[in-house]
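Novice: Got a file for you: structure_38.txt, compact mmCIF, C-alpha atoms.
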```txt
# COMPACT_ATOMS: atom_id res chain seq x y z
CA MET A 1 144.19 110.15 93.38
CA ARG A 2 142.41 109.25 90.20
CA GLY A 3 139.11 111.03 89.65
CA ARG A 4 136.76 108.10 89.34
CA THR A 5 133.25 107.58 90.71
CA LYS A 6 132.75 104.84 93.26
CA TYR A 7 129.77 102.56 92.61
CA LEU A 8 128.84 100.54 95.65
CA PHE A 9 127.54 96.99 95.71
CA ALA A 10 123.75 97.24 95.39
CA LEU A 11 123.22 94.65 98.10
CA LEU A 12 124.98 96.74 100.69
CA LEU A 13 124.56 100.38 99.76
CA GLY A 14 122.09 100.77 96.93
CA ALA A 15 123.43 104.08 95.59
CA SER A 16 126.58 105.84 94.39
CA VAL A 17 128.62 108.40 96.29
CA GLY A 18 131.47 110.65 95.24
CA ALA A 19 134.90 109.18 95.85
CA CYS A 20 138.13 108.31 94.11
CA GLN A 21 137.73 104.59 93.36
CA THR A 22 135.24 102.21 91.77
CA VAL A 23 133.50 99.36 93.54
CA PRO A 24 131.28 97.49 91.07
CA LYS A 25 127.62 96.61 91.66
CA ILE A 26 126.40 93.08 92.26
CA PRO A 27 123.64 91.55 90.14
CA PRO A 28 120.04 91.98 91.37
CA SER A 29 119.58 88.21 91.56
CA ALA A 30 122.21 87.97 94.29
CA ALA A 31 120.86 91.01 96.09
CA ASP A 32 117.40 89.33 96.27
CA GLU A 33 118.58 86.51 98.54
CA PRO A 34 117.36 87.68 101.98
CA PRO A 35 118.46 84.70 104.14
CA ALA A 36 122.15 85.37 103.54
CA ALA A 37 122.04 89.05 102.65
CA GLY A 38 125.47 90.56 103.00
CA SER A 39 127.39 87.28 102.83
CA TRP A 40 129.77 86.42 100.04
CA ARG A 41 127.75 83.30 99.20
CA ALA A 42 124.64 85.42 98.58
CA THR A 43 126.68 87.86 96.51
CA ALA A 44 128.87 85.58 94.37
CA THR A 45 127.90 84.29 90.95
CA ASP A 46 127.68 80.52 90.55
CA ALA A 47 130.92 80.56 88.54
CA ASP A 48 132.73 82.39 91.32
CA LYS A 49 131.40 80.05 93.99
CA GLU A 50 132.90 77.24 91.93
CA ARG A 51 136.22 79.09 91.73
CA ILE A 52 136.33 79.39 95.52
CA ARG A 53 135.36 75.72 96.01
CA GLY A 54 138.09 74.61 93.62
CA TRP A 55 140.84 76.91 94.87
CA TYR A 56 143.17 74.12 96.00
CA SER A 57 142.92 72.02 92.84
CA SER A 58 143.50 75.17 90.75
CA TRP A 59 146.61 75.96 92.77
CA GLU A 60 147.96 72.41 92.54
CA ALA A 61 147.52 72.43 88.76
CA ALA A 62 149.18 75.85 88.48
CA LEU A 63 152.23 74.85 90.52
CA ALA A 64 152.59 71.55 88.66
CA ASP A 65 152.47 73.31 85.31
CA ALA A 66 155.02 75.94 86.32
CA ARG A 67 157.42 73.40 87.84
CA ALA A 68 157.15 71.14 84.78
CA LYS A 69 158.23 74.09 82.64
CA GLY A 70 161.33 74.87 84.67
CA HIS A 71 160.13 77.43 87.24
CA GLY A 72 160.63 75.33 90.38
CA ALA A 73 163.47 77.47 91.73
CA GLU A 74 161.45 80.67 91.31
CA ILE A 75 158.49 79.13 93.11
CA ASP A 76 160.68 77.91 95.96
CA ARG A 77 162.29 81.36 96.34
CA GLU A 78 158.89 82.87 97.09
CA GLY A 79 158.47 80.64 100.15
CA VAL A 80 155.12 80.89 101.92
CA LEU A 81 153.72 83.28 99.32
CA LEU A 82 153.21 80.39 96.90
CA GLN A 83 152.49 77.64 99.42
CA PRO A 84 148.76 76.79 99.28
CA MET A 85 148.42 75.86 102.98
CA ALA A 86 150.43 78.77 104.43
CA ALA A 87 147.44 80.82 105.69
CA LEU A 88 147.67 82.01 109.30
CA PRO A 89 144.87 82.88 111.75
CA ASN A 90 143.45 86.42 111.74
CA ALA A 91 143.06 87.04 108.02
CA HIS A 92 141.67 90.58 108.49
CA LEU A 93 143.30 93.02 106.06
CA PRO A 94 143.45 96.45 107.76
CA ALA A 95 142.50 99.64 105.94
CA GLY A 96 145.39 101.58 104.45
CA ASP A 97 147.75 101.85 101.49
CA TYR A 98 149.72 98.81 100.39
CA ARG A 99 152.51 97.84 98.09
CA CYS A 100 151.27 94.94 95.97
CA ARG A 101 152.74 92.66 93.33
CA THR A 102 151.22 89.91 91.23
CA ILE A 103 152.59 86.50 90.36
CA LYS A 104 150.80 84.52 87.65
CA VAL A 105 151.30 80.77 87.95
CA GLY A 106 150.41 78.15 85.36
CA ALA A 107 149.41 78.76 81.74
CA LYS A 108 145.95 78.35 80.25
CA GLY A 109 147.13 77.62 76.71
CA ARG A 110 150.11 75.94 75.13
CA GLY A 111 151.74 79.19 74.13
CA GLY A 112 151.28 81.01 77.42
CA LEU A 113 153.93 81.71 80.03
CA SER A 114 153.62 79.45 83.06
CA TYR A 115 155.27 81.85 85.49
CA ILE A 116 155.27 85.67 85.46
CA ALA A 117 156.32 87.79 88.45
CA TYR A 118 155.54 91.51 88.22
CA GLY A 119 157.07 94.37 90.15
CA TRP A 120 155.44 96.41 92.88
CA PHE A 121 152.34 98.52 92.34
CA ARG A 122 149.97 100.36 94.68
CA CYS A 123 146.82 99.00 96.30
CA ARG A 124 144.37 100.42 98.81
CA VAL A 125 142.03 98.90 101.39
CA ALA A 126 139.22 101.12 102.66
CA PRO A 127 136.18 100.72 104.94
CA GLU A 128 132.97 100.03 102.99
CA GLN A 129 129.75 99.90 105.04
CA GLY A 130 130.90 97.24 107.46
CA LEU A 131 133.11 95.48 104.93
CA SER A 132 136.27 96.58 103.14
CA SER A 133 137.03 97.48 99.54
CA LEU A 134 140.28 96.44 97.87
CA THR A 135 141.50 98.35 94.84
CA LYS A 136 144.69 98.02 92.83
CA LEU A 137 145.48 101.64 92.01
CA THR A 138 148.21 101.27 89.40
CA GLY A 139 149.08 98.91 86.58
CA SER A 140 147.24 97.79 83.45
CA GLN A 141 145.23 95.06 85.21
CA ARG A 142 143.50 96.34 88.34
CA PRO A 143 141.22 94.20 90.53
CA VAL A 144 138.60 96.21 92.41
CA GLY A 145 135.94 94.84 94.74
CA LEU A 146 134.82 94.01 98.25
CA ILE A 147 136.25 91.77 100.98
CA PHE A 148 133.74 89.60 102.85
CA PRO A 149 134.28 87.69 106.12
CA ASP A 150 134.47 83.90 105.89
CA HIS A 151 136.43 82.14 108.63
CA LEU A 152 139.49 82.51 110.85
CA LYS A 153 142.08 81.89 108.13
CA ARG A 154 140.52 83.60 105.15
CA GLN A 155 138.29 86.34 103.83
CA ILE A 156 136.66 86.32 100.39
CA PHE A 157 137.24 88.90 97.66
CA LEU A 158 134.59 89.50 95.00
CA GLY A 159 135.09 92.11 92.32
CA THR A 160 135.88 92.86 88.73
CA LEU A 161 138.94 93.56 86.61
CA GLU A 162 139.63 97.07 85.38
CA LEU A 163 141.89 97.28 82.33
CA GLY A 164 144.16 99.86 80.71
CA ASP A 165 142.95 103.44 80.99
CA GLU A 166 139.42 102.57 82.09
CA LYS A 167 138.05 104.91 84.74
CA MET A 168 135.19 102.77 86.04
CA ALA A 169 134.84 99.08 86.75
CA VAL A 170 132.06 97.08 85.10
CA ASN A 171 129.32 95.85 87.42
CA TYR A 172 130.06 92.57 89.14
CA GLY A 173 128.16 89.73 87.48
CA SER A 174 127.66 91.54 84.18
CA ASP A 175 130.75 90.13 82.42
CA ARG A 176 132.09 86.74 83.45
CA MET A 177 135.43 87.55 81.82
CA ARG A 178 135.86 90.46 84.22
CA ASP A 179 134.45 88.88 87.40
CA MET A 180 137.04 87.96 90.02
CA ALA A 181 136.84 85.84 93.16
CA GLY A 182 139.60 85.00 95.57
CA LEU A 183 140.89 84.28 99.06
CA VAL A 184 142.44 86.95 101.28
CA GLU A 185 144.92 85.32 103.66
CA ARG A 186 147.54 86.45 106.14
CA ILE A 187 150.91 84.75 105.59
CA GLY A 188 153.16 86.64 108.03
CA ASP A 189 153.53 89.70 110.22
CA ASN A 190 152.10 92.58 108.16
CA ARG A 191 151.98 90.40 105.07
CA TRP A 192 148.91 89.19 103.18
CA ARG A 193 148.02 87.64 99.85
CA LEU A 194 145.02 87.62 97.56
CA VAL A 195 144.75 84.26 95.80
CA LEU A 196 142.67 84.35 92.60
CA PRO A 197 142.01 80.80 91.36
CA ALA A 198 141.08 80.16 87.73
CA PRO A 199 141.23 83.76 86.47
CA ALA A 200 139.65 84.41 83.08
CA TYR A 201 142.91 85.36 81.38
CA GLU A 202 146.39 83.87 80.95
CA SER A 203 147.08 81.93 84.14
CA LEU A 204 145.70 79.15 86.34
CA VAL A 205 146.20 81.09 89.57
CA ASP A 206 147.11 84.71 90.32
CA VAL A 207 148.66 85.53 93.69
CA ILE A 208 148.83 89.17 94.78
CA GLU A 209 151.16 89.90 97.69
CA LEU A 210 150.22 92.86 99.90
CA VAL A 211 152.44 94.62 102.43
CA PRO A 212 151.72 97.96 104.14
CA GLY A 213 153.18 101.05 102.50
CA GLY A 214 152.54 103.46 99.67
```
Could you express the structure from this file as structure tokens?

Specialist:
Amino acid sequence: MRGRTKYLFALLLGASVGACQTVPKIPPSAADEPPAAGSWRATATDADKERIRGWYSSWEAALADARAKGHGAEIDREGVLLQPMAALPNAHLPAGDYRCRTIKVGAKGRGGLSYIAYGWFRCRVAPEQGLSSLTKLTGSQRPVGLIFPDHLKRQIFLGTLELGDEKMAVNYGSDRMRDMAGLVERIGDNRWRLVLPAPAYESLVDVIELVPGG
């Protein structure tokens, strides 16, 4: 395990404790919303609320861009993983270690790649004061944050992006280029995905597949 300090979301915990991962703090403005305290809507920045609202249009644009640039066969091979409406009931992502891989779909700029599929890395889901934390443990781009309940077919992920050899995530809401928001969905038996619409870098949609295992 990597020796990092876990910082908990201020809304939920209000202090740091010793542990092996980093969960970034939320901004005070979100923590000061008492009617919906603890919900993802009270926690999310306005930009991330917009990302969640526009998830389907972001995904459509990403798939169209990738198919137009010759990646249709690769998209089709992934089956339900890259099908926007494939979410199944019971989206809860159990605590434990996961194998995870990222597919970036659609390119932000003219020179970018419209389809990139990475190999398997390691992720972890852990209990976090009534919610769950999700951390990508390995790789050069590592989402880290909290999973909030939403409805039967999805949960909501809010967090930040840890890069390179960084040991601690920046606080959520302090850097819009690091903030992340996405949908956690179940797409099969013991198979989930984290869909990150309109990420700050490179792609139009990132899809992280998660299956149990170290």

Novice: Within 10 Å of region 36-53 of chain A, which residues of region 83-180 of chain A come that close, and what is the closest atom pair and distance in Å for each? Count only C-alpha atoms and give it as JSON lines.

Specialist:
```
{"residue": "A:Gly130", "atom": "CA", "partner": "A:Gly38", "partner_atom": "CA", "distance": 9.7}
{"residue": "A:Leu131", "atom": "CA", "partner": "A:Gly38", "partner_atom": "CA", "distance": 9.3}
{"residue": "A:Leu146", "atom": "CA", "partner": "A:Trp40", "partner_atom": "CA", "distance": 9.3}
{"residue": "A:Ile147", "atom": "CA", "partner": "A:Trp40", "partner_atom": "CA", "distance": 8.5}
{"residue": "A:Phe148", "atom": "CA", "partner": "A:Trp40", "partner_atom": "CA", "distance": 5.8}
{"residue": "A:Pro149", "atom": "CA", "partner": "A:Ser39", "partner_atom": "CA", "distance": 7.6}
{"residue": "A:Asp150", "atom": "CA", "partner": "A:Trp40", "partner_atom": "CA", "distance": 7.9}
{"residue": "A:Gln155", "atom": "CA", "partner": "A:Trp40", "partner_atom": "CA", "distance": 9.3}
{"residue": "A:Ile156", "atom": "CA", "partner": "A:Trp40", "partner_atom": "CA", "distance": 6.9}
{"residue": "A:Phe157", "atom": "CA", "partner": "A:Trp40", "partner_atom": "CA", "distance": 8.2}
{"residue": "A:Leu158", "atom": "CA", "partner": "A:Ala44", "partner_atom": "CA", "distance": 7.0}
{"residue": "A:Gly159", "atom": "CA", "partner": "A:Ala44", "partner_atom": "CA", "distance": 9.2}
{"residue": "A:Tyr172", "atom": "CA", "partner": "A:Thr45", "partner_atom": "CA", "distance": 8.7}
{"residue": "A:Gly173", "atom": "CA", "partner": "A:Thr45", "partner_atom": "CA", "distance": 6.5}
{"residue": "A:Ser174", "atom": "CA", "partner": "A:Thr45", "partner_atom": "CA", "distance": 9.9}
{"residue": "A:Arg176", "atom": "CA", "partner": "A:Ala47", "partner_atom": "CA", "distance": 8.1}
{"residue": "A:Asp179", "atom": "CA", "partner": "A:Asp48", "partner_atom": "CA", "distance": 7.8}
{"residue": "A:Met180", "atom": "CA", "partner": "A:Asp48", "partner_atom": "CA", "distance": 7.2}
```

Novice: Name the closest residue to Ser203 (chain A) among the candidates A:Gly70, A:Gly111, A:Gly145, A:Gly96; distances are taken between atoms, counting only C-alpha atoms.

Specialist: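 For Ser203 (chain A), the nearest of the candidates is A:Gly111.
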
Novice: Could you work out how far CA of Arg154 (chain A) lies from CA of Leu88 (chain A), giving the answer in Å with one decimal?

Specialist: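 For CA of Leu88 (chain A) relative to CA of Arg154 (chain A), the distance reads 8.4 Å.
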
Novice: Here is a test: counting all atoms listed in the file, which residue of A:Val205, A:Leu194, A:Ala181, A:Leu152 is nearest to Pro89 (chain A)?

Specialist: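 Of A:Val205, A:Leu194, A:Ala181, A:Leu152, the one nearest Pro89 (chain A) is A:Leu152, counting all atoms listed in the file.
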
Novice: For a test of reading the model, state the distance in Å between CA of Ala91 (chain A) and CA of Val207 (chain A), rounded to one decimal.

Specialist: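 That distance, rounded to one decimal, is 15.5 Å.
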
Novice: Can you work out the spacing between CA of Gly188 (chain A) and CA of Ser140 (chain A) in Å, to one decimal?

Specialist: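 CA of Ser140 (chain A) lies at a distance of 27.6 Å from CA of Gly188 (chain A).
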
Novice: From the list A:Arg99, A:Lys136, A:Ala73, A:Gly106, which residue is nearest Trp120 (chain A) when using only C-alpha atoms?

Specialist: A:Arg99

Novice: Give me the residues near Ala62 (chain A) as a list in words, where near means some atom within 10 Å (using only C-alpha atoms) and where sequence neighbours in that chain fewer than 5 positions away do not count.

Specialist: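 In the requested form, the answer reads Tyr56, Ser57, Arg67, Ala68, Lys104, Val105, Gly106, Ala107, Lys108, Ser114, Tyr115, Pro197, Ala198, Ser203, Leu204, Val205 and Asp206 of chain A.
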
Novice: I want to know what sits within 9 Å of Pro143 (chain A), based on all atoms listed in the file, with residues of the same chain fewer than 3 positions away left out; could you give that as JSON, numbers by chain?

Specialist: {"A": [134, 135, 136, 137, 159, 160, 161, 162, 163, 169, 180]}

Novice: Calculated over all atoms listed in the file, which of the candidates A:Ala66, A:Ala117, A:Met177, A:Ile187 has the smallest distance to Ala87 (chain A)?

Specialist: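 Residue with the minimum atom-to-atom distance to Ala87 (chain A): A:Ile187.
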
Novice: Go through A:Gln129, A:Asn190, A:Asn171, A:Gln141 and flag the residue nearest Leu93 (chain A), using only C-alpha atoms for the distances.

Specialist: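 Closest candidate: A:Asn190.
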